[in-house]
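What follows is a short report on a single structure.
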Amino acid sequence: MTDRDLQQKRYIAAGIDIAVFIAIGIVFAIVGAILGFVFTSATSSSMVGVYLPRVISFLGALVTLAYILGRDLTAGDRSIGKALQNIRVVTVTGTPIGFMESAKRNGIFAIGAACGVISATLGLVPCLGDAVRCLLLPVWVLGLLIGLAAAIYELIQITQRSDGVRYGDQIAGTRVVR
């Protein structure tokens with residue numbers, strides 16, 4: 001890719017999108033912790049205080065996974081980062097992308113979030129869910145590491161390939177344009 005300006009915009013957009021992903025996780029974690037504390041302190045029955053944070057965690061995991069897969073559509077027809085950088089993803093024919101193209105492009109980054117959804121779902125099951133979640137922690141961490149490695153690989157692809165098309169773009173039949 002000879003267009004250094006587009007490369008730079010893609011890197012900045014990716015950084016913004018990662019910050020949004022992290023912010024979603026932080027917001028759900030804080031809300032879950034606060035509600036769990038409030039309901040545990042306010043009621044004599046701590047079941048609401050125990051399970052409400054788990055439900056919030058489950059919802060947060062779902063929202064995070066949905067954001068990663070559909071991030072190229074969150075600000076209209078582009079991700080929040082791409083909107084701020086004034087770039088967009090289109091199909092190779094130049095038409096706007098849909099959810100399936102966005103999910104194909106970003107699926108490689110969603111491995112850790114998918115493991116998080118599985119873990120959060122199991123956390124809703126009393127007793128057994130806690131034991132299984134502990135056993136799944138290494139899988140979730142491995143999923144996050146795979147996502148991180150994929151992100152690094154994809155950034156290298158943007159720089160190394162003359163057309164700037166990364167692996168996710170090849171799978172989805174998309175490209176990033178101004």
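Just remember, in the structure tokens the first chain shown is A, the second B, etc., residues are 1-based per chain, and ligands are 1-based in the order shown.
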
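Residues lying within 9 Å of Ala103 in chain A, counting only C-alpha atoms and ignoring same-chain neighbours fewer than 6 positions away, are Ala66, Ile68, Leu69, Gly70, Arg71, Asp72, Ala110 and Ala172 of chain A.
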
Could those selected residues go to a file with N, CA and C atoms, as a PDB file, in the first residue's frame?
ATOM      1  N   ALA A  66     -20.988  -8.619  20.295  1.00  0.00           N
ATOM      2  CA  ALA A  66     -21.745  -7.973  19.216  1.00  0.00           C
ATOM      3  C   ALA A  66     -20.988  -6.763  18.675  1.00  0.00           C
ATOM      4  N   ILE A  68     -17.696  -6.277  18.664  1.00  0.00           N
ATOM      5  CA  ILE A  68     -16.539  -6.722  17.887  1.00  0.00           C
ATOM      6  C   ILE A  68     -16.978  -7.206  16.508  1.00  0.00           C
ATOM      7  N   LEU A  69     -18.016  -8.026  16.454  1.00  0.00           N
ATOM      8  CA  LEU A  69     -18.452  -8.571  15.173  1.00  0.00           C
ATOM      9  C   LEU A  69     -19.092  -7.520  14.273  1.00  0.00           C
ATOM     10  N   GLY A  70     -19.844  -6.610  14.853  1.00  0.00           N
ATOM     11  CA  GLY A  70     -20.547  -5.614  14.052  1.00  0.00           C
ATOM     12  C   GLY A  70     -19.959  -4.226  14.110  1.00  0.00           C
ATOM     13  N   ARG A  71     -18.718  -4.107  14.552  1.00  0.00           N
ATOM     14  CA  ARG A  71     -18.152  -2.780  14.794  1.00  0.00           C
ATOM     15  C   ARG A  71     -18.077  -1.906  13.558  1.00  0.00           C
ATOM     16  N   ASP A  72     -17.996  -2.522  12.381  1.00  0.00           N
ATOM     17  CA  ASP A  72     -17.913  -1.720  11.161  1.00  0.00           C
ATOM     18  C   ASP A  72     -19.252  -1.115  10.752  1.00  0.00           C
ATOM     19  N   ALA A 110     -12.795 -11.900  17.608  1.00  0.00           N
ATOM     20  CA  ALA A 110     -13.887 -12.195  18.534  1.00  0.00           C
ATOM     21  C   ALA A 110     -13.693 -13.491  19.311  1.00  0.00           C
ATOM     22  N   ALA A 172     -13.835 -11.617   3.893  1.00  0.00           N
ATOM     23  CA  ALA A 172     -15.126 -10.956   3.708  1.00  0.00           C
ATOM     24  C   ALA A 172     -15.308 -10.337   2.322  1.00  0.00           C
TER      25      ALA A 172
END

Exercise for the section: Identify, with DSSP run on backbone atoms, the residues in range 70-136 of chain A assigned to helix (DSSP H, G or I), and express the list as a PyMOL selection string. Expected result: chain A and resi 70-73+80-85+99-122+128-136

Give one line per residue of range 1-100 of chain A that approaches range 130-148 of chain A to at most 12 Å, naming the two atoms of the closest pair and their distance in Å to one decimal, counting only C-alpha atoms; sort by chain then ascending residue number and deliver it as JSON lines.
{"residue": "A:Ile18", "atom": "CA", "partner": "A:Leu148", "partner_atom": "CA", "distance": 10.8}
{"residue": "A:Val50", "atom": "CA", "partner": "A:Asp130", "partner_atom": "CA", "distance": 11.8}
{"residue": "A:Tyr51", "atom": "CA", "partner": "A:Asp130", "partner_atom": "CA", "distance": 11.7}
{"residue": "A:Arg54", "atom": "CA", "partner": "A:Asp130", "partner_atom": "CA", "distance": 10.6}
{"residue": "A:Ala61", "atom": "CA", "partner": "A:Trp140", "partner_atom": "CA", "distance": 11.9}
{"residue": "A:Ile68", "atom": "CA", "partner": "A:Gly147", "partner_atom": "CA", "distance": 11.0}

Selected residues, C-alpha atoms, written as a PDB file, in the first residue's frame, please.
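Saved file result_14.pdb follows:
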ATOM      1  CA  ILE A  18     -10.053  -1.031  20.841  1.00  0.00           C
ATOM      2  CA  VAL A  50     -24.848 -12.649  43.875  1.00  0.00           C
ATOM      3  CA  TYR A  51     -26.652 -13.204  40.572  1.00  0.00           C
ATOM      4  CA  ARG A  54     -23.496 -12.355  36.810  1.00  0.00           C
ATOM      5  CA  ALA A  61     -20.082 -10.219  27.272  1.00  0.00           C
ATOM      6  CA  ILE A  68     -16.539  -6.722  17.887  1.00  0.00           C
TER       7      ILE A  68
END

Problem - Leu84 in chain A environment, 10 Å, only C-alpha atoms, sequence neighbours closer than 6 positions dropped, as a VMD selection string - result: chain A and resid 9 12 to 13 16 75 78

Handout entry: Shortest interatomic distance to Gly76 in chain A - which of A:Val92, A:Leu59, A:Ile26, A:Ile97, counting only C-alpha atoms
Key = A:Ile97

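Among A:Ile80, A:Leu52, A:Ile108, A:Cys115, the residue with the shortest atom-to-atom distance to Tyr167 in chain A, counting only C-alpha atoms, is A:Ile108.
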
Handout entry: Neighbour list for Ser162 in chain A as a list in words, cut-off 12 Å, only C-alpha atoms, skip fewer than 2 positions in-chain
Key = Met1, Thr2, Asp3, Arg4, Gln7, Ile156, Gln157, Ile158, Thr159, Gln160, Gly164, Val165 and Arg166 of chain A
